[in-house]
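Input: a single structure, listed below in structure tokens.
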Amino acid sequence: MQFSTEILEQLQLAVGRENVLTAKEDLISYSFDGTAAMQQMPGCVVFARATEEVAAILKLAHQTRTAVVTRGSGTGLSGGSLPSPQCVVLCTVKMNRILELDRANLTMWVEPGVTTLQVADAASAAGLFYPPDPGSMRISTIGGNVAENSGGLRGLKYGITRNYVMGLEVVLPNGEIMRTGNKCVKDVAGYSLKDLFIGSEGTLGVMTKVLLRLIPKPQAKKTMVATFAQMDHAAEAVSAIIAAQIIPCTLEFLDRMTIHCVEDYAKIGLPLDCEALLLMETDGHPAAVAEEAAQMERICREQGCLEVRVAKDDAEATKLASARRTAFSALARVAPTTILEDATVPRSELAKMIRFVAAVARKYQLKIGTFGHMGDGNLHPTFLTDERNKDEMHRVEEAFKEIFDEAIRLGGTITGEHGVGLAKKSILPKFAGDAQMRVMRELRRVLDPNGILNPGKMFD
Amino acid sequence: MHCGLCLPTCPTYDATKLERNSPRGRIALMRAIADDRLEPTRAFADEMYFCLGCLACMTACPAGVNYAELFEHARAEAEASGVLDSPKRSLLRNFTLRWLFMDLNRLQGVGLALRLYQRLGLQSFVRRSGVLKLLPRRLRELEAMMPSVQSHFSADLIEPVTPASGKRRFRVALLTGCAQDLIFSGVNRDTVEVLARNGCEVVTPPEQSCCGSLHAHNGEWELAQQLARKQIDQFPPDEYDAIVTNAAGCGSHLKHYAKLLHDDPVYHRRAELWDAKVRDIHEWLTHIGLEPPASNRLPVQRVTYHEACHLCHGQKITAQPRQILRAIPNLKLVELPESTWCCGSAGIYNLIQPEMAAELLDRKLEHIRSTGAEVVATGNPGCLLQIINGAKRQGMALRVVHPITLLAEAYRQEGSV
């Protein structure tokens, strides 16, 4: 089916001919995001460069009931920016300016196509700190981070993207431009609508400006790696650290499979002869850092760790954290298709959940690598499979169903940071329950009566 | 796996922000062709030639996707499909890839002609005469980019066998290359000197052929295989401790003959041994333990290091050249921002994609300027040429030199070479 010529002409008028792509080679290039085994050709791809252009596009889409799927760099892991059939892909990467850095109020206004790393670097250059650091931060965009409410390695201590968004400029599905939130720390005027848009996965509006909160940069940090002969020991060490009322900024774990894959890529000398590895980082006042680091080291030893290695300098610490961020992609060294999930449980249930995941993998005879944010109970069990093997893909699905059921049973959630998108759409109703589903549906209908934004995602 | 971690390291994606100009987009197109969702179209072929082949994506890829191989196959597929064919292009390719670079004598013949053009004052006459203004702009630019052909080719400067100075520790072959031989024969001489100084007997037969990297990168698979066999015959790998190259682009190709000759029952095993013996000069010197020059009489020089893509991405050689530079007395090595970002030379990329190449060159020169260095060192003839041309165009006082030349100069000061 050919995309409507009239709509194309209108789009070209709105953003300029060079910013509307229709060649098959382009449509193929935008027919996927970071999610494995999903593909859908869009009708066209449009680059907006300003709020007014986004407004014009949405107005047109609203009038003509054309589907619009917003996309940043396309690194999402739940199919959130996967095109809907015959949709307009609205790409924000050319809206990539940092508009203002306000040192007095510790805020930053940015356009949605700015990458997370650019935000972090700009903050750092001003002696400030933007903590959310999703694995793909070198290329993921802030627009995508806000839309998916991304987490990262520092969630335990510093929270997630939501905790750093103070305001938004959003274009509503009918083309209206709305501002919500501001630089005030306290603001209780009306509903906090900005919070509605954070994590809305491109279903309620298109963000065109984001006001971010920054914090002072911690004066010191210490990074260390502890290895364990059993996953359980690592989980117990984490529980003991938290029970000792230490909140490290990073408390990540990797299992044997993941350690080997990451080392294979990064070659930074990770210890290979262990079942689990904890990557721990504490930051803050130098005295507190030194004390916490010593305590964490002691606790790990008490829990029977094999070895503790402290990063000797910043460069080594950065290397360790960067290596951890490549875990998901590095697992693809073992198999052509890597399907990862982000079932999350309360911290207290973590050890139980890890054991359950391992048992499920055995039951369905699947190869698995597990890593994740142990400090905040956010696991990334990753099945290493091949999408061409239908039988195995079916077993993967069955295994995930069990994992989600268990996560829910333990008081957890079906997705900690990747979002619902298409990947979790089928299990959202069971998790959310009837009342939540009804409210979400009605909210979406109020904002997007014609159902043009990211149709088919999250729920129908 | 299509996580997108390669995107920020891709110079063409960085410039256009278009997914099709990224490694992930290009692989998606290759896959679409493999799955019969797309024909090898003109746009596909153009895309494969818009890619620099800098392989920065391979350094970035945690999943270990072998983009180099995919990319060479894709270019070969584009050539086979004929979508790019035009009389002018075929003529050019026939002349360069199928004729000129298949035989050193032809190459040196053309080199001699160019040398005469430059030496007899013809070039300056032509340039002064204004006759160039009659040429189309592109040809004028190409004339200006023409490298100075050296007054001596490598074989005039180097004996077929150079003994090790002092005790012979190793016996190595040095590949003198094609472009290197014509334009930077001095680098070859410097390399021989440095090797000999470090206990290597160096074998450099005067008649050598092209390694085939140009052919493999440009979709001429069979010619590349022919040239690979020729190399293996000329330098039986079991006779040397190492087969040394000082050109990053060649080294990156030379180390993969086994893959290239995978289906060749006669050569495959020898190619495996060959691959194991090929060493970039920096890699080899640091491997055998470089003897640092003793002299301190050299003037102090501030040097920055530009990493040739096919050294840092293609061969993952990053520490060794720096180690060598740091071993030179009175040399202050200043780190170059974005040192691993392509300079736009990329084989013959600067000839076929002048705009993108110029953009990258400007970016590189800007960074070089920011270091305040008076010398930039880089281990690949393409990069040397590109940066020399750029510095000349911008009127920058900059010495552009191979790291090994700096090392050889230091040894000479010492009085030991």
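By order of appearance in the structure tokens: chains A, B, ..., then residues from 1 within every chain, and ligands from 1 in the order shown.
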Distance filter 8 Å, only C-alpha atoms, chain A against chain B, as a count of residues only = 30
query = Could you name the residues that touch Ala48 in chain A at 12 Å or less, counting only C-alpha atoms, but leaving out those on the same chain fewer than 4 positions away, as a PyMOL selection string?
reply = chain A and resi 11-21+52-58+70-72+88-96+111-113+206-208
Could you write out that same residue set with C-alpha atoms as a compact mmCIF listing (two decimals), in the first residue's frame?
# COMPACT_ATOMS: atom_id res chain seq x y z
CA LEU A 11 4.38 17.01 5.41
CA GLN A 12 6.90 18.33 2.91
CA LEU A 13 5.34 21.75 3.24
CA ALA A 14 5.62 21.53 7.01
CA VAL A 15 9.25 20.45 7.34
CA GLY A 16 10.81 20.84 3.91
CA ARG A 17 11.24 18.23 1.23
CA GLU A 18 14.65 17.08 2.48
CA ASN A 19 13.19 16.15 5.85
CA VAL A 20 10.64 13.69 4.54
CA LEU A 21 11.99 10.27 3.58
CA GLU A 52 6.03 24.42 15.44
CA GLU A 53 6.94 21.73 12.93
CA VAL A 54 5.92 19.02 15.37
CA ALA A 55 2.65 20.88 15.95
CA ALA A 56 1.99 21.09 12.22
CA ILE A 57 2.69 17.38 11.76
CA LEU A 58 0.40 16.33 14.60
CA THR A 70 7.84 9.24 17.68
CA ARG A 71 11.44 8.07 17.61
CA GLY A 72 14.78 9.28 18.91
CA VAL A 88 4.64 8.55 9.99
CA VAL A 89 7.87 8.02 11.94
CA LEU A 90 8.49 11.37 13.61
CA CYS A 91 12.20 11.48 14.29
CA THR A 92 13.52 13.99 16.81
CA VAL A 93 17.28 13.57 16.39
CA LYS A 94 17.65 16.85 14.55
CA MET A 95 16.17 18.72 17.52
CA ASN A 96 19.41 18.39 19.38
CA GLU A 111 15.54 19.62 23.01
CA PRO A 112 14.43 15.99 22.86
CA GLY A 113 17.07 14.80 20.39
CA VAL A 206 5.34 14.56 21.65
CA MET A 207 7.85 16.24 23.93
CA THR A 208 9.64 19.12 22.26
Shell around Ala155 in chain B at 9 Å using only C-alpha atoms, local window under 5 positions removed, as an NGL selection string = :B and (160 or 176 or 181 or 185 or 204-207)
Go ahead and save the residues from that selection, with C-alpha atoms, as an mmCIF file, in the first residue's frame.
data_model
loop_
_atom_site.group_PDB
_atom_site.id
_atom_site.type_symbol
_atom_site.label_atom_id
_atom_site.label_comp_id
_atom_site.auth_asym_id
_atom_site.auth_seq_id
_atom_site.Cartn_x
_atom_site.Cartn_y
_atom_site.Cartn_z
ATOM 1 C CA PRO B 160 67.059 -6.473 -1.249
ATOM 2 C CA THR B 176 56.930 -1.837 0.587
ATOM 3 C CA ASP B 181 56.462 3.059 -2.510
ATOM 4 C CA SER B 185 59.394 5.617 -0.174
ATOM 5 C CA THR B 204 62.693 -6.335 0.714
ATOM 6 C CA PRO B 205 62.615 -7.715 -2.814
ATOM 7 C CA PRO B 206 62.564 -4.836 -5.297
ATOM 8 C CA GLU B 207 59.636 -6.269 -7.236
#
inquiry  = With only C-alpha atoms as the counted atoms, please give the residues lying no more than 10 Å from range 243-245 of chain A, apart from itself and same-chain residues fewer than 4 positions off, as a PyMOL selection string.
reply    = chain A and resi 237-239+292+295-296+299
ask   = Skipping near chain neighbours, those fewer than 3 positions away, what residues fall within 7 Å of range 215-232 of chain A using only C-alpha atoms, listed as a PyMOL selection string?
value = chain A and resi 106+127-130+235-236+274-286+289+293+305-311+317+351
request  = Determine which residues of range 139-277 of chain B DSSP labels as strand (DSSP E or B) from the backbone of this structure, then write them out as a PyMOL selection string.
outcome  = chain B and resi 161-162+170-175+200-203+242-245
Selection export as a PDB file, in the first residue's frame, atoms kept: N, CA and C atoms:
ATOM      1  N   VAL B 161      68.348  -7.234   0.664  1.00  0.00           N
ATOM      2  CA  VAL B 161      68.471  -7.783   2.022  1.00  0.00           C
ATOM      3  C   VAL B 161      69.330  -6.837   2.848  1.00  0.00           C
ATOM      4  N   THR B 162      68.790  -6.374   3.953  1.00  0.00           N
ATOM      5  CA  THR B 162      69.548  -5.488   4.844  1.00  0.00           C
ATOM      6  C   THR B 162      69.890  -6.266   6.106  1.00  0.00           C
ATOM      7  N   PHE B 170      66.107 -11.603  14.479  1.00  0.00           N
ATOM      8  CA  PHE B 170      64.952 -12.036  13.681  1.00  0.00           C
ATOM      9  C   PHE B 170      65.225 -11.836  12.199  1.00  0.00           C
ATOM     10  N   ARG B 171      64.457 -12.564  11.412  1.00  0.00           N
ATOM     11  CA  ARG B 171      64.497 -12.357   9.966  1.00  0.00           C
ATOM     12  C   ARG B 171      63.083 -11.968   9.539  1.00  0.00           C
ATOM     13  N   VAL B 172      62.938 -10.772   8.991  1.00  0.00           N
ATOM     14  CA  VAL B 172      61.593 -10.310   8.628  1.00  0.00           C
ATOM     15  C   VAL B 172      61.549  -9.852   7.183  1.00  0.00           C
ATOM     16  N   ALA B 173      60.328  -9.870   6.634  1.00  0.00           N
ATOM     17  CA  ALA B 173      60.105  -9.302   5.305  1.00  0.00           C
ATOM     18  C   ALA B 173      59.393  -7.971   5.495  1.00  0.00           C
ATOM     19  N   LEU B 174      59.748  -6.993   4.678  1.00  0.00           N
ATOM     20  CA  LEU B 174      59.008  -5.730   4.726  1.00  0.00           C
ATOM     21  C   LEU B 174      58.253  -5.549   3.414  1.00  0.00           C
ATOM     22  N   LEU B 175      56.940  -5.345   3.536  1.00  0.00           N
ATOM     23  CA  LEU B 175      56.147  -5.077   2.343  1.00  0.00           C
ATOM     24  C   LEU B 175      56.227  -3.585   2.058  1.00  0.00           C
ATOM     25  N   CYS B 200      66.825  -6.927  13.392  1.00  0.00           N
ATOM     26  CA  CYS B 200      66.119  -7.701  12.364  1.00  0.00           C
ATOM     27  C   CYS B 200      66.883  -7.645  11.044  1.00  0.00           C
ATOM     28  N   GLU B 201      67.039  -8.795  10.449  1.00  0.00           N
ATOM     29  CA  GLU B 201      67.500  -8.824   9.068  1.00  0.00           C
ATOM     30  C   GLU B 201      66.255  -8.585   8.215  1.00  0.00           C
ATOM     31  N   VAL B 202      66.338  -7.627   7.283  1.00  0.00           N
ATOM     32  CA  VAL B 202      65.122  -7.229   6.568  1.00  0.00           C
ATOM     33  C   VAL B 202      65.195  -7.614   5.092  1.00  0.00           C
ATOM     34  N   VAL B 203      64.232  -8.371   4.644  1.00  0.00           N
ATOM     35  CA  VAL B 203      64.175  -8.781   3.248  1.00  0.00           C
ATOM     36  C   VAL B 203      63.148  -7.908   2.522  1.00  0.00           C
ATOM     37  N   ALA B 242      58.487 -12.587  10.870  1.00  0.00           N
ATOM     38  CA  ALA B 242      57.331 -11.704  10.724  1.00  0.00           C
ATOM     39  C   ALA B 242      57.325 -11.130   9.320  1.00  0.00           C
ATOM     40  N   ILE B 243      56.120 -10.818   8.868  1.00  0.00           N
ATOM     41  CA  ILE B 243      55.975 -10.105   7.605  1.00  0.00           C
ATOM     42  C   ILE B 243      55.436  -8.742   7.999  1.00  0.00           C
ATOM     43  N   VAL B 244      56.294  -7.738   7.821  1.00  0.00           N
ATOM     44  CA  VAL B 244      55.999  -6.427   8.419  1.00  0.00           C
ATOM     45  C   VAL B 244      55.443  -5.466   7.383  1.00  0.00           C
ATOM     46  N   THR B 245      54.453  -4.707   7.801  1.00  0.00           N
ATOM     47  CA  THR B 245      53.918  -3.639   6.957  1.00  0.00           C
ATOM     48  C   THR B 245      53.898  -2.355   7.762  1.00  0.00           C
TER      49      THR B 245
END
query = Residues at most 9 Å from range 163-171 of chain A, counting only C-alpha atoms, excluding those fewer than 4 positions away in the same chain, as a ChimeraX atom specification?
reply = /A:51-52,54-55,58,107,109,130-132,146,158-159,175-185,194-195,197-198,205-214
Output C-alpha atoms for every residue in the selection just made, as a PDB file, in the first residue's frame.
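Output (result-v8.pdb):
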ATOM      1  CA  THR A  51       8.154  22.728  18.087  1.00  0.00           C
ATOM      2  CA  GLU A  52       6.031  24.424  15.437  1.00  0.00           C
ATOM      3  CA  VAL A  54       5.920  19.022  15.367  1.00  0.00           C
ATOM      4  CA  ALA A  55       2.651  20.878  15.952  1.00  0.00           C
ATOM      5  CA  LEU A  58       0.396  16.330  14.597  1.00  0.00           C
ATOM      6  CA  THR A 107      18.438  23.178  35.660  1.00  0.00           C
ATOM      7  CA  TRP A 109      16.517  23.083  29.088  1.00  0.00           C
ATOM      8  CA  TYR A 130      22.824  14.400  35.744  1.00  0.00           C
ATOM      9  CA  PRO A 131      22.592  10.911  37.272  1.00  0.00           C
ATOM     10  CA  PRO A 132      20.292   8.777  35.039  1.00  0.00           C
ATOM     11  CA  VAL A 146      11.589  10.685  29.320  1.00  0.00           C
ATOM     12  CA  TYR A 158      19.706   8.614  42.620  1.00  0.00           C
ATOM     13  CA  GLY A 159      16.434   7.391  41.184  1.00  0.00           C
ATOM     14  CA  GLY A 175      -1.315  19.948  17.539  1.00  0.00           C
ATOM     15  CA  GLU A 176      -1.804  22.163  20.599  1.00  0.00           C
ATOM     16  CA  ILE A 177       1.398  23.195  22.411  1.00  0.00           C
ATOM     17  CA  MET A 178       1.385  22.809  26.178  1.00  0.00           C
ATOM     18  CA  ARG A 179       3.928  23.654  28.869  1.00  0.00           C
ATOM     19  CA  THR A 180       3.824  21.821  32.158  1.00  0.00           C
ATOM     20  CA  GLY A 181       6.141  22.184  35.150  1.00  0.00           C
ATOM     21  CA  ASN A 182       8.792  24.863  35.723  1.00  0.00           C
ATOM     22  CA  LYS A 183      11.973  25.656  37.625  1.00  0.00           C
ATOM     23  CA  CYS A 184      10.231  25.805  41.008  1.00  0.00           C
ATOM     24  CA  VAL A 185      11.117  23.050  43.396  1.00  0.00           C
ATOM     25  CA  LYS A 194       4.252  16.482  33.385  1.00  0.00           C
ATOM     26  CA  ASP A 195       4.301  13.276  35.398  1.00  0.00           C
ATOM     27  CA  PHE A 197       3.851  12.292  30.116  1.00  0.00           C
ATOM     28  CA  ILE A 198       6.956  10.795  31.701  1.00  0.00           C
ATOM     29  CA  GLY A 205       1.995  13.680  23.169  1.00  0.00           C
ATOM     30  CA  VAL A 206       5.337  14.564  21.652  1.00  0.00           C
ATOM     31  CA  MET A 207       7.853  16.236  23.929  1.00  0.00           C
ATOM     32  CA  THR A 208       9.640  19.121  22.264  1.00  0.00           C
ATOM     33  CA  LYS A 209      11.542  20.574  25.215  1.00  0.00           C
ATOM     34  CA  VAL A 210      12.606  19.077  28.512  1.00  0.00           C
ATOM     35  CA  LEU A 211      13.585  20.924  31.675  1.00  0.00           C
ATOM     36  CA  LEU A 212      16.012  18.754  33.621  1.00  0.00           C
ATOM     37  CA  ARG A 213      17.033  18.960  37.235  1.00  0.00           C
ATOM     38  CA  LEU A 214      20.751  18.774  37.974  1.00  0.00           C
TER      39      LEU A 214
END
task = Quote the spacing between CA of Lys332 in chain B and CA of Val303 in chain B in Å to one decimal place.
result =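 The value is 5.9 Å.
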ask   = Do you know which residues are at most 8 Å from Ile414 in chain A counting only C-alpha atoms, after dropping those on the same chain fewer than 4 positions away, and could you put them as an MDAnalysis selection string?
value = chainID A and resid 342:344 404 407:408 424 427:428 431
Resulting file, chosen residues, C-alpha atoms, as a compact mmCIF listing (two decimals), in the first residue's frame:
# COMPACT_ATOMS: atom_id res chain seq x y z
CA ASP A 342 13.50 -6.47 32.96
CA ALA A 343 11.28 -8.14 35.51
CA THR A 344 11.76 -6.31 38.77
CA PHE A 404 6.52 -12.54 34.91
CA ALA A 407 7.67 -11.41 39.58
CA ILE A 408 4.06 -10.37 40.12
CA LYS A 424 4.77 -6.51 27.41
CA ILE A 427 0.65 -9.09 30.01
CA LEU A 428 -0.05 -5.53 31.09
CA PHE A 431 -0.52 -6.93 35.97
request  = Quick one: pick out all helix (DSSP H, G or I) residues within range 34-233 of chain A from a backbone DSSP run and write them as an MDAnalysis selection string.
outcome  = chainID A and resid 51:64 116:125 142:148 155:158 161:164 193:197 231:233
Saved selection, atoms kept: C-alpha atoms, as a PDB file, in the first residue's frame:
ATOM      1  CA  THR A  51       8.154  22.728  18.087  1.00  0.00           C
ATOM      2  CA  GLU A  52       6.031  24.424  15.437  1.00  0.00           C
ATOM      3  CA  GLU A  53       6.943  21.725  12.933  1.00  0.00           C
ATOM      4  CA  VAL A  54       5.920  19.022  15.367  1.00  0.00           C
ATOM      5  CA  ALA A  55       2.651  20.878  15.952  1.00  0.00           C
ATOM      6  CA  ALA A  56       1.990  21.086  12.218  1.00  0.00           C
ATOM      7  CA  ILE A  57       2.686  17.379  11.764  1.00  0.00           C
ATOM      8  CA  LEU A  58       0.396  16.330  14.597  1.00  0.00           C
ATOM      9  CA  LYS A  59      -2.368  18.678  13.489  1.00  0.00           C
ATOM     10  CA  LEU A  60      -2.250  17.120  10.055  1.00  0.00           C
ATOM     11  CA  ALA A  61      -2.134  13.598  11.480  1.00  0.00           C
ATOM     12  CA  HIS A  62      -5.045  14.389  13.793  1.00  0.00           C
ATOM     13  CA  GLN A  63      -7.169  15.679  10.926  1.00  0.00           C
ATOM     14  CA  THR A  64      -6.324  12.831   8.593  1.00  0.00           C
ATOM     15  CA  THR A 116      21.875  11.411  27.406  1.00  0.00           C
ATOM     16  CA  LEU A 117      25.665  11.577  27.242  1.00  0.00           C
ATOM     17  CA  GLN A 118      25.581  15.140  25.924  1.00  0.00           C
ATOM     18  CA  VAL A 119      23.388  16.102  28.882  1.00  0.00           C
ATOM     19  CA  ALA A 120      25.698  14.350  31.325  1.00  0.00           C
ATOM     20  CA  ASP A 121      28.790  15.956  29.747  1.00  0.00           C
ATOM     21  CA  ALA A 122      27.286  19.440  29.694  1.00  0.00           C
ATOM     22  CA  ALA A 123      26.263  19.101  33.333  1.00  0.00           C
ATOM     23  CA  SER A 124      29.688  17.787  34.263  1.00  0.00           C
ATOM     24  CA  ALA A 125      31.435  20.660  32.460  1.00  0.00           C
ATOM     25  CA  ILE A 142      16.545  12.536  26.341  1.00  0.00           C
ATOM     26  CA  GLY A 143      13.170  12.524  24.594  1.00  0.00           C
ATOM     27  CA  GLY A 144      13.274   8.745  24.514  1.00  0.00           C
ATOM     28  CA  ASN A 145      14.520   8.573  28.118  1.00  0.00           C
ATOM     29  CA  VAL A 146      11.589  10.685  29.320  1.00  0.00           C
ATOM     30  CA  ALA A 147       9.058   8.848  27.172  1.00  0.00           C
ATOM     31  CA  GLU A 148      10.236   5.498  28.537  1.00  0.00           C
ATOM     32  CA  GLY A 155      18.771   4.054  40.239  1.00  0.00           C
ATOM     33  CA  LEU A 156      19.299   2.754  43.738  1.00  0.00           C
ATOM     34  CA  LYS A 157      20.703   5.971  45.142  1.00  0.00           C
ATOM     35  CA  TYR A 158      19.706   8.614  42.620  1.00  0.00           C
ATOM     36  CA  THR A 161      14.601   9.807  34.767  1.00  0.00           C
ATOM     37  CA  ARG A 162      11.298  10.851  36.400  1.00  0.00           C
ATOM     38  CA  ASN A 163      13.182  12.244  39.373  1.00  0.00           C
ATOM     39  CA  TYR A 164      15.083  14.672  37.122  1.00  0.00           C
ATOM     40  CA  LEU A 193       0.571  16.767  34.207  1.00  0.00           C
ATOM     41  CA  LYS A 194       4.252  16.482  33.385  1.00  0.00           C
ATOM     42  CA  ASP A 195       4.301  13.276  35.398  1.00  0.00           C
ATOM     43  CA  LEU A 196       1.631  11.867  33.152  1.00  0.00           C
ATOM     44  CA  PHE A 197       3.851  12.292  30.116  1.00  0.00           C
ATOM     45  CA  MET A 231      24.975 -16.228  42.839  1.00  0.00           C
ATOM     46  CA  ASP A 232      23.223 -16.609  46.191  1.00  0.00           C
ATOM     47  CA  HIS A 233      26.253 -15.288  48.016  1.00  0.00           C
TER      48      HIS A 233
END
request  = Rank nothing, just name the residue among B:Pro293, B:Gly82, B:Gly249, B:Gly177 nearest to Glu414 in chain B, using only C-alpha atoms.
outcome  =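 Comparing B:Pro293, B:Gly82, B:Gly249, B:Gly177 against Glu414 in chain B, the winner is B:Pro293.
For the choices B:Lys167, B:Arg115, B:His215, B:His256, the atom-to-atom distance to Thr96 in chain B is smallest for B:His215 when using only C-alpha atoms.
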Option closest in space to Pro449 in chain A, from A:Ser192, A:Ser4, A:Ser150, A:Thr203 [counting only C-alpha atoms] =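 Closest residue, counting only C-alpha atoms: A:Thr203.
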